[in-house]
Every structure is written in structure tokens, then in C-alpha cells.
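S.K.: I have a structure here, written as C-alpha cells, and I will follow up with some questions on it.
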Amino acid sequence: MLQLSKADKLCSRTKIDQLFNKGQAFVVYPLRIVYHIHAKTSETECHQFFINVPKKRFKKAVKRVWLRRRIREAYRLNKALLPASQTVAADIAFLYIGSEKKEFAVIEQRMKEALAKLAEIIESHDKCNAAQS
RNA sequence: ACAGUAGGCCGGUCUGUCGCGCACGCAAGUCGUGUGAGGAAAGUCCGGGCAACACAGGGCACCAUACUUCUUAACGAGAAGCUAUCCGCGAGGGUAGAGUAGCGUAACAGAAAAUAACCGCCGCCGCUGCAAAGGGGCGGUAAGGGUGAAAAAGUGGGGUAAGAGCCCACGGGUGGGGGUGGUGACACGUUCCGCCGUACGUCUUAUGGGUUGUAAGGUUAUGUAUAUCGGCGUUUGAGGGCUGCCCGUCCGAGCCGAGGGGUAAACCGCAAAGAGCUGCAUGGCGACAUGUAGCCAAGAUAAAUGGCAGACACCGUGUGAAAUAUCGCGGCACAGAACCCGGCUUAUAGGCUUGCUGUUUUU
């Protein structure tokens with residue numbers, strides 16, 4: 001499952017607002033991860049992600065695109081680390097807070113660490129939900 | 001050959017593997033096939049298309065442009081020229097270019113920046129002194145000095161107390177008349193009629209400009225309530241449109257504020273055959289034009305066009321007897337479409353190529 005389709009992307013403006021208002025965050029430098037775990041509203045719903053490289057730190061569009069592509073690749077290759085829950089789905093935002101370009105190998109390593117941490121959080125939510133029901 | 005100068009062009013290629021956007025197809029699936037960044041996609045500085053508002057009119061203001069002829073859909077762009085000036089041995093390059101009647105300003109330096117006397121030069125009148133001379137006052141003088149971006153038109157002669165376009169000759173610049181050449185800016189020579197500092201601004205003249213930009217604008221869906229309060233108003237006209245203002249004119253029964261509710265999604269615009277691109281021919285010094293043949297070439301929307309691995313090419317460098325061979329190491333620019341075109345500007349590793357110039361060597 002290495003594909004990455006539109007369903008995986010977080011597009012709705014409402015959900016993004018919700019993510020930043022209610023979400024929690026941690027940092028795996030140079031990434032800052034903001035996540036919001038919520039109950040599934042439909043069967044097919046899955047984890048959705050969103051990438052942002054701030055214009056403030058990278059003035060040239062080329063550099064922003066360069067980083068966004070590498071972060072996206074890192075997520076695509078490693079998203080299997082996240083458990084597929086029956087009851088909850090996560091909205092995740094990856095914000096690049098470093099101030100210089102990093103090699104893909106570095107970004108991928110950090111991505112793996114971040115996803116492992118997220119996986120734990122999702123599993124605990126899942127168990128909690130299961131206990132309630 | 002080296003150095004330079006003015007242009008033109010290219011700006012990686014291929015393989016494997018895992019992926020992404022869009023279009024089309026069917027036997028309808030995580031299926032095939034096709035296709036997917038630039039010369040600047042950038043800055044948003046001009047011009048145009050397109051769209052909305054408006055589409056009685058007038059005045060004022062504001063902005064832009066400004067040598068000539070031509071090119072272009074258009075432009076503040078481009079081509080070929082003209083004049084002045086500066087840089088370069090040269091090929092060439094930079095800057096400026098409507099008008100000037102009036103008004104204003106001209107840093108620093110300098111006596112003085114346009115009503116020019118600081119020093120100097122000359123005359124006259126006192127004073128000191130035997131004299132030579134010194135110093136003072138009043139006046140004349142732009143020939144000489146130094147300052148400056150710029151100092152009142154050059155050379156020679158006459159003239160004078162000393163001087164001065166004060167006068168004369170020659171010559172210079174500039175405006176006018178008339179002549180020749182040029183489409184024209186202008187050039188050349190003539191007349192001997194007038195004039196003789198420069199720059200910038202203001203001002204004047206001519207031409208052009210309605211405003212806002214695809215987040216324009218349109219359609220559909222979802223939801224619904226405008227509850228309540230305040231102010232102004234309905235021929236005593238609130239408010240709005242008509243460019244920024246004024247006049248004028250048109251519409252006109254609602255408008256403004258507080259507060260509350262809903263949505264924040266899809267489609268069109270928008271992926272296009274057009275002032276289109278490429279080749280060839282003809283015309284033109286050229287920008288371009290005309291004819292003819294071929295081509296159809298990204299379309300996302302938290303935003304696709306990619307990640308990783310390798311090979312080749314190119315550049316630098318080390319090893320080495322060794323070039324461009326071999327091996328090792330490093331590097332490979334500027335930069336990412338967002339409505340579309342034409343220009344301009346800015347960024348850019350490396351490479352290719354044409355004309356011309358200078359120097360040196362050889363024939």
C-alpha cells in the first residue's frame with residue numbers, strides 16, 4: 001500500500017481549522033507534527049495528512065516544493081507504520097520548522113520516528129474507545 | 001593563436017524501481033494507453049485580449065509619453081538613423097534629446113553664481129618723507145590671478161589714464177532669409193540681417209488614458225430568520241450609479257450601525273485553433289511583412305510534473321613519463337506554471353556559434 005491518493009490528503013478547510021484549534025502537537029526536528037484524532041464518520045475514512053513549508057523560512061518557491069516533495073515521499077513510503085483503526089482516524093499536519101534544506105535520508109529517518117510515536121497514540125485511543133463500547 | 005567587442009542558440013541524456021496530476025479507452029480495476037514546467041514559468045514595470053460596473057454631457061485636477069522615419073493588434077516596446085557629449089588604440093559602448101516668454105534655484109569652494117571689483121591695473125585728492133617710496137580716501141577698469149561643473153564669446157590690431165565688441169579684420173556659436181542633398185531628424189556651403197553663459201525645476205504645448213482585475217465574473221447546492229435594538233428617510237428625497245473632485249443627470253423606498261443565523265462545497269470561467277509555433281521561399285539595411293507546407297503541445301486548486309539507486313556526458317582537481325588515456329575525489333547554474341498573449345527588467349554553472357576589432361607569428 002504505497003499509493004497515495006486524494007483520499008489521503010487533508011483538503012477540507014473546516015477540518016484543517018479544527019485540526020489547529022483542537023489538535024495536539026510534538027516536535028521531531030525539523031518536523032513539527034500537529035494531530036487530531038477523531039471518531040470515524042464513515043467506513044472508508046482513513047488517516048489524512050497535510051504538509052506545510054512556511055514561506056517565512058523559505059522565500060523561494062523552488063525550495064518549498066523541494067521539501068514538500070521529500071516530506072510527502074517520506075510519508076508515502078512509511079505510512080504503513082500507522083495502525084489502521086476501526087473506530088478512529090487521525091488528521092495529521094507536518095510542518096517543516098527547520099531553516100535549511102535537509103537530505104531525504106534525514107527527513108525519512110525523522111518521519112519514521114514521528115510515525116512510530118503517532119502509532120502509539122492512536123493505539124491507546126483505539127483501546128480506550130474499545131473499552132468504552 | 002591570444003585578447004576583446006556586438007549578437008544568436010543550447011542549458012543535460014539514458015536505465016531500473018516505487019509513486020503523483022490530467023485526458024481517453026474498455027472486458028470496469030487500485031486496469032491499460034497517452035501526456036505532464038521555463039528561458040526566464042520570476043519581478044508585476046508597460047501594452048492588449050477577456051470579464052464586471054457604467055455606457056446624457058461639460059469643466060477642473062491627476063498620470064504617462066516627448067529628436068526623426070519606420071515596425072507592430074497595441075505599447076512607455078522594437079528597428080534603422082540624426083544631434084550633443086563622455087569612455088575606448090579600435091571593433092564598439094554609455095548618457096541626454098518637444099518649447100523657452102516669464103519666474104525660481106545653483107551645494108562646496110570662491111571677492112562674486114548674474115545688479116560680478118577680493119587681489120591687481122589706472123586717475124584724482126589729502127598725509128608721512130629730502131627723495132625713492134609707503135599708506136588712506138573717492139572714482140574708473142572684466143586685460144591678468146586663484147576657486148569652481150559653470151566666471152560673462154576666440155586670435156590679432158586699433159584705441160585708452162588703465163581698460164573693455166568700445167571699434168576693425170579673420171574666425172566660432174546660434175536664430176532668421178534664400179540654395180543644394182535627404183521621406184525626415186539633419187548635413188553642406190551662402191548671405192552678413194539679428195544675437196552671444198550653463199544646468200535643473202516651475203510653466204507652456206501636443207498626444208494618450210473611464211475604473212477594477214480570473215480572489216474578475218457566472219451557475220448550482222446546503223442552510224435560513226434577518227428575531228431584537230438604535231439612527232436617518234419616503235416629493236421637505238435617505239441612499240446609490242455615472243472615474244478623483246465639481247456641476248449636471250439618472251435610479252430611488254429603503255439605507256446605515258449593533259446583534260443573531262447559515263455556508264465556507266461543486267461546476268463553469270479553464271486548458272482553447274491563435275495578433276499561435278516551426279521550416280522554406282519572396283520583399284526589406286533591419287524590426288518585420290506576404291505566401292506556402294507541417295504541427296496542436298501541462299492544467300493543479302492545502303495545489304501533480306517526483307523520491308531512491310546507477311550509467312554516460314561536461315567542468316575542476318589529484319595521482320602519473322603522459323594530452324583529451326587510466327584510476328580516485330568533488331561539482332553540475334538560475335529557478336517551479338496558477339486566466340491567456342506581446343514586450344521590458346532582473347537571476348543564471350557550463351557550453352556551442354556568427355560578424356567585426358587589436359596584437360603577434362607564418363606564408
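Labels for the C-alpha cells follow display order: chains A, B, ..., residues from 1 in each chain, ligands from 1.
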Select all residues from chain B having any atom no more than 10 Å from an atom of chain A (counting only C-alpha atoms (C1' of nucleotides), ignoring ligands), output as an MDAnalysis selection string.

M.R.: chainID B and resid 18:20 30 42 264:265 301:302 306:308 335:336

S.K.: Go ahead and write the residues just picked, C-alpha atoms (C1' of nucleotides), as a CSV table (one decimal), in the first residue's frame.

M.R.:
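Listing of again.csv after writing:
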```csv
chain,number,residue,atom,x,y,z
B,18,C,C1',8.5,2.8,-6.1
B,19,G,C1',4.9,6.9,-6.9
B,20,C,C1',1.7,11.6,-8.5
B,30,U,C1',-6.1,0.1,-7.3
B,42,A,C1',10.2,35.2,-11.6
B,264,A,C1',-17.3,28.2,3.8
B,265,A,C1',-18.9,22.7,-1.3
B,301,U,C1',-6.7,24.2,-6.6
B,302,A,C1',-3.6,22.9,1.2
B,306,G,C1',8.5,13.4,-8.1
B,307,G,C1',11.8,10.0,-4.5
B,308,C,C1',15.8,6.5,-4.4
B,335,A,C1',14.9,28.7,-10.9
B,336,G,C1',8.7,25.7,-10.3
```

S.K.: Name the residues in contact with range 122-128 of chain B at a cut-off of 9 Å, using only C-alpha atoms (C1' of nucleotides), excluding same-chain residues fewer than 3 positions from it; report them as an MDAnalysis selection string.

M.R.: chainID B and resid 134:141 161:163

S.K.: Between B:G201, B:G110, B:G276, B:G171, single out the one closest to A151 in chain B, counting only C-alpha atoms (C1' of nucleotides).

M.R.: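 Once distances to A151 in chain B are computed over only C-alpha atoms (C1' of nucleotides), the minimum belongs to B:G110.
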
S.K.: Name all residues at most 10 Å from Tyr35 in chain A (count only C-alpha atoms (C1' of nucleotides); drop same-chain ones fewer than 2 positions away) and give them as a ChimeraX atom specification.

M.R.: /A:19-20,22-26,32-33,37-38,48-49,90-94,118

S.K.: List the neighbours of C200 in chain B out to 12 Å using only C-alpha atoms (C1' of nucleotides); skip same-chain residues closer than 6 positions along the sequence, and give me the result as a PyMOL selection string.

M.R.: chain B and resi 104-106

S.K.: Could you write out that same residue set with C-alpha atoms (C1' of nucleotides) as an mmCIF file, in the first residue's frame?

M.R.:
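Final output, saved to again_24.cif:
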```cif
data_model
loop_
_atom_site.group_PDB
_atom_site.id
_atom_site.type_symbol
_atom_site.label_atom_id
_atom_site.label_comp_id
_atom_site.auth_asym_id
_atom_site.auth_seq_id
_atom_site.Cartn_x
_atom_site.Cartn_y
_atom_site.Cartn_z
ATOM 1 C "C1'" G B 104 12.708 80.278 -9.102
ATOM 2 C "C1'" U B 105 17.238 77.506 -7.582
ATOM 3 C "C1'" A B 106 22.530 76.605 -8.282
#
```

S.K.: From range 43-120 of chain A, collect each residue whose DSSP state is alpha helix (DSSP H) and return the set as an mmCIF file with C-alpha atoms, in the first residue's frame.

M.R.:
```cif
data_model
loop_
_atom_site.group_PDB
_atom_site.id
_atom_site.type_symbol
_atom_site.label_atom_id
_atom_site.label_comp_id
_atom_site.auth_asym_id
_atom_site.auth_seq_id
_atom_site.Cartn_x
_atom_site.Cartn_y
_atom_site.Cartn_z
ATOM 1 C CA ALA A 61 9.155 28.560 -4.247
ATOM 2 C CA VAL A 62 11.620 26.007 -5.569
ATOM 3 C CA LYS A 63 12.926 25.226 -2.093
ATOM 4 C CA ARG A 64 9.443 24.854 -0.643
ATOM 5 C CA VAL A 65 8.408 22.458 -3.382
ATOM 6 C CA TRP A 66 11.691 20.569 -2.979
ATOM 7 C CA LEU A 67 10.970 19.984 0.712
ATOM 8 C CA ARG A 68 7.285 19.268 0.310
ATOM 9 C CA ARG A 69 8.028 16.541 -2.218
ATOM 10 C CA ARG A 70 10.532 14.876 0.075
ATOM 11 C CA ILE A 71 8.241 15.008 3.096
ATOM 12 C CA ARG A 72 5.439 13.576 1.016
ATOM 13 C CA GLU A 73 7.666 10.756 -0.225
ATOM 14 C CA ALA A 74 8.754 10.013 3.311
ATOM 15 C CA TYR A 75 5.138 9.765 4.419
ATOM 16 C CA ARG A 76 4.171 7.676 1.396
ATOM 17 C CA LEU A 77 6.910 5.131 1.974
ATOM 18 C CA ASN A 78 6.315 4.824 5.708
ATOM 19 C CA PHE A 104 15.934 12.872 2.075
ATOM 20 C CA ALA A 105 17.626 10.249 4.258
ATOM 21 C CA VAL A 106 17.403 12.586 7.266
ATOM 22 C CA ILE A 107 13.804 13.510 6.609
ATOM 23 C CA GLU A 108 12.806 9.874 6.190
ATOM 24 C CA GLN A 109 14.505 8.904 9.472
ATOM 25 C CA ARG A 110 12.670 11.654 11.335
ATOM 26 C CA MET A 111 9.420 10.705 9.660
ATOM 27 C CA LYS A 112 9.781 7.136 10.878
ATOM 28 C CA GLU A 113 10.326 8.325 14.437
ATOM 29 C CA ALA A 114 7.346 10.634 14.239
ATOM 30 C CA LEU A 115 5.045 7.988 12.810
ATOM 31 C CA ALA A 116 6.098 5.470 15.462
ATOM 32 C CA LYS A 117 5.156 7.960 18.145
ATOM 33 C CA LEU A 118 1.840 8.658 16.473
ATOM 34 C CA ALA A 119 1.109 4.937 16.170
ATOM 35 C CA GLU A 120 1.343 4.576 19.938
#
```
